[in-house]
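Engineer: Structure incoming, see below.
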Amino acid sequence: MWNRIASFVLRRRNLLLLVLLGVTAFFGMRIPDVRLQYTFGGLLPATDSTALEYAHFLEHFGAEGNVLLIGTNNEVLTEPAKLQAWYELTEAVRQLPVRVDTTDNGVDDPVALPMIDSVFSVTHAYTLDKDTAERRFVVRPLVAQGRMQVGGEVDQTFTDSLRTAVLNLPFYEGFLYTEAADATLMMVFLDAGLFNSEKRGKVVEDITALADAWSAEHDQPLYLSGLPFIRTEMTNKVKGEIGYFIGAALLVTALLLFLFFRNPTVMGVSLVVVATGVVWSLGTMAVLDYPITLLMSLIPPLMIVIGVPNCIYLVNKYHAEFKRHGNKMMALQRMIVKVGNATLLTNFTTALGFATFIFTHSDVLRNFGVVASINILAVFVISIIVIPSLMLWLPAPKPKHTRHLDRRWMFVWVNHLVNIVQGHRSKVYLGALAVLVFSVAGMVQMQTTGNIVDDLPDSDRVIKDLKWMEDRFHGAMPFEVLVDTGKPGKATSPSMLSKVERLQALLAEYPEFSRSLSAGDAMKFAMQAFYNGDPARYRLPNRRERSFIGPYLRGTEQAAADSDEAAGVSSNFMDTAKAVTRISAQMADIGTIEMRDLLNDLKPRIDSIFPSEDYRLTLTGTSVVFLEGTSYMVKNLGISIALAICVIAAMMALLFRSARMVLIALVPNLFPLLFTAGVMGWAGIPIKPSTILVFSVAFGISVDDTIHFLAKYRQELNLKSWNIGQAVILALKETGVSMMYTSIVLFFGFLMFAMSGFDGTRSLGLLVSITLGVAMFTNLLLLPSLLLAFEKVLTTQSFREPFFSLLDEEEDIELEELAVRQGLAPGKGDERHEELVRQRAGRD
């Protein structure tokens, strides 16, 4: 079969290159359609209970986490000039130009889409006044219209009076100002529907630019946080790193290829292969409409790192064959026949390792598995077409181009490995035992954890600003408690409001939570207004007071309904039937371990307030969803690792038809995984989605060397009359150089991820590099040592008679002999050899 494939590729190279160019152009034109993901969703399947509860919350109250926070210290509350500047910044944010939607909407004129719903700050806050004539409450700005203007000035008296007015409104404590009045916030409410869509524009970037300019002008730091800011900053970093890592991967691999081959032609052809793979991977994301996440952003550089070993194996074989007989056509044909088969299988096993993610129920992992596995196989197709086709056009290699095959230091190193395998296997086993003890001791220290922003370094602005928020306002991550009473109207009952107040007092006991907000706080605000703004009256009404304040509440609701303002203030805290109420808080970005402990401690205490037989209680919000999503991903990644090992083991069993050989082959590939787990334990690197990915990726790649080695080993068994000792040593000498080449490329290729701005990506790069480095030594030392140690029980009849052949050196010796007997001079018989290839293909 591979003779026919080689003949087809070489004879139809122009057509194949034209088709390849057309597909690449198609994918290239789709790259601008690749979209970014600005949400934290996709970790949980839609059928998961936590996801369903969050969807239930969104159904009643819409999106949470759409508030961007801008904080600063108390000078704004005390200095007139700073207060005026704060007012002007609030106005500038509030009046940011709206984004224009130019999509087809049935009319010719573009549609203006306001991204900012409202902005609150001490200069743009409101109070309630009692309207005794209309028997209702009226919302009034604290700063009367026209009292503050852009470009105007305020004096100290006005500043002090506004500060006093704000501090006399307990409703805003913990939101617009801290309990100690040493910091204040501006709260920017964004339209969640537009912000989470492709029409989002650059509103967060514009707000950030305004805040930075204000800070520089007034020499006062501003701190930005909230999910809109965090999501945008992280997504922009991902966007920036894609191009950076593609460029870095190309540069690193180009440098290594040049050092290995000292041939710009080989380097250029290899870069064409991997660059085409990058275009295909990005185009695949666009065609499948998969958004780019932190995980998906790794795929394009991965295509470069994984594609280069294909080039190395193919070019090495091409040069070795050309050096033997000087016939370029014959060398390319034998390259495809002999290495193409094994390269396909190694790419297939690598793709299988990534494809196991498809069987998880997480959209993020499934999308990653689909795109990665498809494009790993695509890179093989690209390499098996581009390399022989371009090499046939290009001049034949000169002696200096094949000199890398005779590098003394490489063969000295390989001979040293042979010496160890032949005479010092006991040292290999002792070394493996030491690695095992080190690994087990480290593994027992491993922990599973994760934070929403823990992939960012401590020096990043997102982290520093978030810490400022947590120190003063106790957090910026949404946390929601949903209480379903099961009865319409019950959410507003006095007993229910008292229970909600108890729950809020309970949350206040935990320093991880900010001050919470509920319908009870709105009622307390109304009570304060009923008593003409007396802050001491900020409390729930007693039975007697309820009869007084009731008409005012009903009048306010009616006025809101008459003015088409939805259901008034109550819509923020209750559903339309007033059967479900919410308690909203912000919380610190604590780790998943701490979050789990917190919820386990909190849940029974809340249940004591709202018994499960009477109320349906839901703890949700981005914080809870992220906790469950992280745990779910870690669990599914663990399953995918086990599945990858089983699938690849089954694949090797199909190839070698020997269960014993499969067991031996797995040992040198499991040892690196254990070693990496030990390193993580000793170094305190936690198990989280970005780090557990190491094991599936590294295992799928490292097993490639094992397949190459065993394929060559079985071929040598045929040639050496089943002399196992000679077959092992010859296989080690034959494959050792290429294995070291590819391992070095992979090691440095993944090591470049250590330059990422994300800790998770940095850890991924370091850990995969370590794993592949260890895998190189286990495949070069431990695997041949085990084959020699168990030679009598491993090489069974089934191994000698495989399901199908991986490499068969004898398959085209007839062609070589024919070419030589014809008296063809080196490099002069390509046309005659091509005819012989066609004849042989016809016989097959």
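Residues in the structure tokens are named by chain (A, B, ... in the order shown) and by number from 1 within that chain; ligands are numbered from 1 in the order shown.
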With only C-alpha atoms as the counted atoms, please give the residues lying no more than 7 Å from range 770-783 of chain A, apart from itself and same-chain residues fewer than 4 positions off, as a list in words.
Structural biologist: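 Near range 770-783 of chain A, the qualifying residues are Leu417, Val421, Val428, Ala665, Pro668, Asn669, Pro672, Leu673, Thr676, Ala698, Ser702, Asp705, Thr706, Leu732, Gly736, Ser743, Phe747, Leu766 and Leu787 of chain A.
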Engineer: Please return as number ranges by chain: the residues of range 507-685 of chain A that backbone DSSP assigns to alpha helix (DSSP H).
Structural biologist: A: 507-508, 519-530, 543-562, 592-609, 622-656, 659-683
Engineer: Measuring between only C-alpha atoms, which one of A:Pro388, A:Pro264, A:Gly533, A:Gly226 shows the shortest distance to Tyr318 in chain A?
Structural biologist: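 Of A:Pro388, A:Pro264, A:Gly533, A:Gly226, the one nearest Tyr318 in chain A, counting only C-alpha atoms, is A:Pro388.
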Engineer: Just checking: using only C-alpha atoms, which residue out of A:Gly621, A:Gly486, A:Gly247, A:Pro228 ends up closest to Gly62 in chain A?
Structural biologist: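 Ranked by minimum distance to Gly62 in chain A, first place goes to A:Gly621.
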Engineer: For each of A:Phe27, A:Ile230, A:Gly684, A:Ile384, take the minimum atom-to-atom distance to Leu69 in chain A, counting only C-alpha atoms, then give the residue where this is smallest.
Structural biologist: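 Nearest to Leu69 in chain A: A:Ile230.
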Engineer: Find the residue from A:Leu224, A:Ala165, A:Ile70, A:Ile382 that sits nearest to Leu185 in chain A; use only C-alpha atoms when measuring.
Structural biologist: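 Result for the nearest residue to Leu185 in chain A: A:Ile70.
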Engineer: For Ala526 in chain A, list every protein, DNA or RNA residue within 9 Å, evaluated using only C-alpha atoms, and leave out those in the same chain fewer than 6 positions away; present the list as a ChimeraX atom specification.
Structural biologist: /A:128-130,137,538,549,552-553
Engineer: Compile the contact shell of Phe189 in chain A as a PyMOL selection string: residues with an atom at most 12 Å away, counting only C-alpha atoms, same-chain residues fewer than 4 positions apart removed.
Structural biologist: chain A and resi 63-70+93-94+114-121+193+195+203-204+207+226-229
Engineer: Atoms to include: N, CA and C atoms. Write the selected residues as a PDB file, in the first residue's frame.
Structural biologist:
```pdb
ATOM      1  N   ALA A  63     -28.165  38.168  33.940  1.00  0.00           N
ATOM      2  CA  ALA A  63     -26.749  37.920  34.207  1.00  0.00           C
ATOM      3  C   ALA A  63     -26.276  38.652  35.450  1.00  0.00           C
ATOM      4  N   GLU A  64     -25.376  37.988  36.195  1.00  0.00           N
ATOM      5  CA  GLU A  64     -24.653  38.662  37.257  1.00  0.00           C
ATOM      6  C   GLU A  64     -23.209  38.851  36.793  1.00  0.00           C
ATOM      7  N   GLY A  65     -22.462  39.570  37.572  1.00  0.00           N
ATOM      8  CA  GLY A  65     -21.071  39.770  37.184  1.00  0.00           C
ATOM      9  C   GLY A  65     -20.886  40.734  36.034  1.00  0.00           C
ATOM     10  N   ASN A  66     -21.817  41.668  35.845  1.00  0.00           N
ATOM     11  CA  ASN A  66     -21.686  42.644  34.764  1.00  0.00           C
ATOM     12  C   ASN A  66     -21.338  44.029  35.298  1.00  0.00           C
ATOM     13  N   VAL A  67     -20.713  44.084  36.482  1.00  0.00           N
ATOM     14  CA  VAL A  67     -20.357  45.362  37.105  1.00  0.00           C
ATOM     15  C   VAL A  67     -18.836  45.521  37.081  1.00  0.00           C
ATOM     16  N   LEU A  68     -18.377  46.597  36.480  1.00  0.00           N
ATOM     17  CA  LEU A  68     -16.962  46.937  36.495  1.00  0.00           C
ATOM     18  C   LEU A  68     -16.731  47.923  37.639  1.00  0.00           C
ATOM     19  N   LEU A  69     -15.738  47.654  38.475  1.00  0.00           N
ATOM     20  CA  LEU A  69     -15.478  48.455  39.667  1.00  0.00           C
ATOM     21  C   LEU A  69     -14.226  49.303  39.482  1.00  0.00           C
ATOM     22  N   ILE A  70     -14.325  50.564  39.855  1.00  0.00           N
ATOM     23  CA  ILE A  70     -13.168  51.462  39.865  1.00  0.00           C
ATOM     24  C   ILE A  70     -13.052  52.010  41.280  1.00  0.00           C
ATOM     25  N   VAL A  93     -17.134  58.381  31.835  1.00  0.00           N
ATOM     26  CA  VAL A  93     -17.471  56.964  31.669  1.00  0.00           C
ATOM     27  C   VAL A  93     -18.928  56.820  31.237  1.00  0.00           C
ATOM     28  N   ARG A  94     -19.807  57.583  31.892  1.00  0.00           N
ATOM     29  CA  ARG A  94     -21.240  57.474  31.597  1.00  0.00           C
ATOM     30  C   ARG A  94     -21.554  57.871  30.164  1.00  0.00           C
ATOM     31  N   PRO A 114     -26.028  51.032  23.200  1.00  0.00           N
ATOM     32  CA  PRO A 114     -25.375  51.512  24.420  1.00  0.00           C
ATOM     33  C   PRO A 114     -24.881  50.343  25.264  1.00  0.00           C
ATOM     34  N   MET A 115     -23.579  50.352  25.575  1.00  0.00           N
ATOM     35  CA  MET A 115     -23.001  49.261  26.347  1.00  0.00           C
ATOM     36  C   MET A 115     -23.131  49.493  27.842  1.00  0.00           C
ATOM     37  N   ILE A 116     -23.242  50.751  28.269  1.00  0.00           N
ATOM     38  CA  ILE A 116     -23.267  51.082  29.692  1.00  0.00           C
ATOM     39  C   ILE A 116     -24.700  51.376  30.120  1.00  0.00           C
ATOM     40  N   ASP A 117     -25.204  50.575  31.050  1.00  0.00           N
ATOM     41  CA  ASP A 117     -26.563  50.793  31.548  1.00  0.00           C
ATOM     42  C   ASP A 117     -26.619  51.988  32.491  1.00  0.00           C
ATOM     43  N   SER A 118     -25.703  52.016  33.458  1.00  0.00           N
ATOM     44  CA  SER A 118     -25.711  53.092  34.453  1.00  0.00           C
ATOM     45  C   SER A 118     -24.366  53.122  35.163  1.00  0.00           C
ATOM     46  N   VAL A 119     -24.104  54.246  35.830  1.00  0.00           N
ATOM     47  CA  VAL A 119     -22.867  54.432  36.580  1.00  0.00           C
ATOM     48  C   VAL A 119     -23.221  55.035  37.929  1.00  0.00           C
ATOM     49  N   PHE A 120     -22.686  54.437  39.002  1.00  0.00           N
ATOM     50  CA  PHE A 120     -22.925  54.949  40.354  1.00  0.00           C
ATOM     51  C   PHE A 120     -21.591  55.312  41.005  1.00  0.00           C
ATOM     52  N   SER A 121     -21.593  56.450  41.663  1.00  0.00           N
ATOM     53  CA  SER A 121     -20.451  56.867  42.477  1.00  0.00           C
ATOM     54  C   SER A 121     -20.991  57.841  43.520  1.00  0.00           C
ATOM     55  N   GLY A 193     -26.080  41.378  27.967  1.00  0.00           N
ATOM     56  CA  GLY A 193     -26.346  40.720  26.692  1.00  0.00           C
ATOM     57  C   GLY A 193     -25.402  41.171  25.602  1.00  0.00           C
ATOM     58  N   PHE A 195     -22.501  42.815  26.119  1.00  0.00           N
ATOM     59  CA  PHE A 195     -21.113  42.669  26.531  1.00  0.00           C
ATOM     60  C   PHE A 195     -20.599  41.257  26.265  1.00  0.00           C
ATOM     61  N   VAL A 203     -15.449  48.597  25.119  1.00  0.00           N
ATOM     62  CA  VAL A 203     -15.896  49.473  26.187  1.00  0.00           C
ATOM     63  C   VAL A 203     -15.002  49.353  27.420  1.00  0.00           C
ATOM     64  N   VAL A 204     -14.582  48.150  27.770  1.00  0.00           N
ATOM     65  CA  VAL A 204     -13.726  47.990  28.952  1.00  0.00           C
ATOM     66  C   VAL A 204     -12.369  48.638  28.709  1.00  0.00           C
ATOM     67  N   ILE A 207     -12.839  52.357  29.110  1.00  0.00           N
ATOM     68  CA  ILE A 207     -12.958  52.755  30.514  1.00  0.00           C
ATOM     69  C   ILE A 207     -11.591  52.702  31.188  1.00  0.00           C
ATOM     70  N   GLY A 226     -13.645  43.558  39.033  1.00  0.00           N
ATOM     71  CA  GLY A 226     -14.947  43.096  38.570  1.00  0.00           C
ATOM     72  C   GLY A 226     -14.774  42.159  37.388  1.00  0.00           C
ATOM     73  N   LEU A 227     -15.729  41.274  37.189  1.00  0.00           N
ATOM     74  CA  LEU A 227     -15.603  40.272  36.132  1.00  0.00           C
ATOM     75  C   LEU A 227     -15.417  40.869  34.738  1.00  0.00           C
ATOM     76  N   PRO A 228     -16.114  41.945  34.355  1.00  0.00           N
ATOM     77  CA  PRO A 228     -15.867  42.489  33.015  1.00  0.00           C
ATOM     78  C   PRO A 228     -14.410  42.869  32.791  1.00  0.00           C
ATOM     79  N   PHE A 229     -13.799  43.499  33.792  1.00  0.00           N
ATOM     80  CA  PHE A 229     -12.400  43.898  33.658  1.00  0.00           C
ATOM     81  C   PHE A 229     -11.490  42.675  33.646  1.00  0.00           C
TER      82      PHE A 229
END
```
Engineer: With only C-alpha atoms as the counted atoms, please give the residues lying no more than 12 Å from Leu663 in chain A, apart from itself and same-chain residues fewer than 6 positions off, as a PDB file with N, CA and C atoms, in the first residue's frame.
Structural biologist:
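Listed below is the output, out_32.pdb:
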```pdb
ATOM      1  N   ILE A 645      -4.264   6.233  28.078  1.00  0.00           N
ATOM      2  CA  ILE A 645      -3.363   5.094  28.294  1.00  0.00           C
ATOM      3  C   ILE A 645      -3.984   3.810  27.748  1.00  0.00           C
ATOM      4  N   CYS A 646      -5.265   3.591  28.028  1.00  0.00           N
ATOM      5  CA  CYS A 646      -5.941   2.367  27.565  1.00  0.00           C
ATOM      6  C   CYS A 646      -6.048   2.331  26.048  1.00  0.00           C
ATOM      7  N   ILE A 648      -4.214   3.975  23.767  1.00  0.00           N
ATOM      8  CA  ILE A 648      -2.905   3.830  23.126  1.00  0.00           C
ATOM      9  C   ILE A 648      -2.349   2.432  23.361  1.00  0.00           C
ATOM     10  N   ALA A 649      -2.611   1.865  24.534  1.00  0.00           N
ATOM     11  CA  ALA A 649      -2.201   0.480  24.790  1.00  0.00           C
ATOM     12  C   ALA A 649      -2.900  -0.472  23.828  1.00  0.00           C
ATOM     13  N   ALA A 650      -4.191  -0.235  23.599  1.00  0.00           N
ATOM     14  CA  ALA A 650      -4.924  -1.071  22.650  1.00  0.00           C
ATOM     15  C   ALA A 650      -4.361  -0.907  21.241  1.00  0.00           C
ATOM     16  N   MET A 652      -1.250  -0.157  20.447  1.00  0.00           N
ATOM     17  CA  MET A 652       0.022  -0.865  20.398  1.00  0.00           C
ATOM     18  C   MET A 652      -0.196  -2.376  20.366  1.00  0.00           C
ATOM     19  N   ALA A 653      -1.212  -2.852  21.063  1.00  0.00           N
ATOM     20  CA  ALA A 653      -1.529  -4.279  21.020  1.00  0.00           C
ATOM     21  C   ALA A 653      -1.929  -4.689  19.605  1.00  0.00           C
ATOM     22  N   PHE A 656       1.459  -4.723  17.571  1.00  0.00           N
ATOM     23  CA  PHE A 656       2.491  -5.707  17.911  1.00  0.00           C
ATOM     24  C   PHE A 656       1.940  -7.088  18.264  1.00  0.00           C
ATOM     25  N   ARG A 657       0.638  -7.192  18.466  1.00  0.00           N
ATOM     26  CA  ARG A 657      -0.021  -8.469  18.730  1.00  0.00           C
ATOM     27  C   ARG A 657       0.640  -9.216  19.892  1.00  0.00           C
ATOM     28  N   ASN A 669       6.948   4.863  29.440  1.00  0.00           N
ATOM     29  CA  ASN A 669       6.107   6.040  29.217  1.00  0.00           C
ATOM     30  C   ASN A 669       5.307   6.441  30.444  1.00  0.00           C
ATOM     31  N   LEU A 670       5.134   5.518  31.389  1.00  0.00           N
ATOM     32  CA  LEU A 670       4.459   5.859  32.638  1.00  0.00           C
ATOM     33  C   LEU A 670       5.431   6.447  33.648  1.00  0.00           C
ATOM     34  N   THR A 706       8.560   5.303  21.503  1.00  0.00           N
ATOM     35  CA  THR A 706       8.464   3.871  21.788  1.00  0.00           C
ATOM     36  C   THR A 706       8.045   3.100  20.545  1.00  0.00           C
ATOM     37  N   LEU A 783      13.712   1.038  28.187  1.00  0.00           N
ATOM     38  CA  LEU A 783      13.022   0.152  27.250  1.00  0.00           C
ATOM     39  C   LEU A 783      13.956  -0.923  26.676  1.00  0.00           C
ATOM     40  N   LEU A 786      14.847  -3.478  29.392  1.00  0.00           N
ATOM     41  CA  LEU A 786      13.763  -4.421  29.683  1.00  0.00           C
ATOM     42  C   LEU A 786      13.619  -5.461  28.574  1.00  0.00           C
ATOM     43  N   LEU A 787      13.805  -5.036  27.327  1.00  0.00           N
ATOM     44  CA  LEU A 787      13.722  -5.985  26.222  1.00  0.00           C
ATOM     45  C   LEU A 787      14.801  -7.049  26.330  1.00  0.00           C
ATOM     46  N   PHE A 790      14.036  -9.411  29.483  1.00  0.00           N
ATOM     47  CA  PHE A 790      12.905 -10.338  29.350  1.00  0.00           C
ATOM     48  C   PHE A 790      12.805 -10.880  27.930  1.00  0.00           C
ATOM     49  N   LEU A 794       9.246 -12.131  25.852  1.00  0.00           N
ATOM     50  CA  LEU A 794       8.592 -11.023  25.164  1.00  0.00           C
ATOM     51  C   LEU A 794       8.337 -11.310  23.696  1.00  0.00           C
TER      52      LEU A 794
END
```
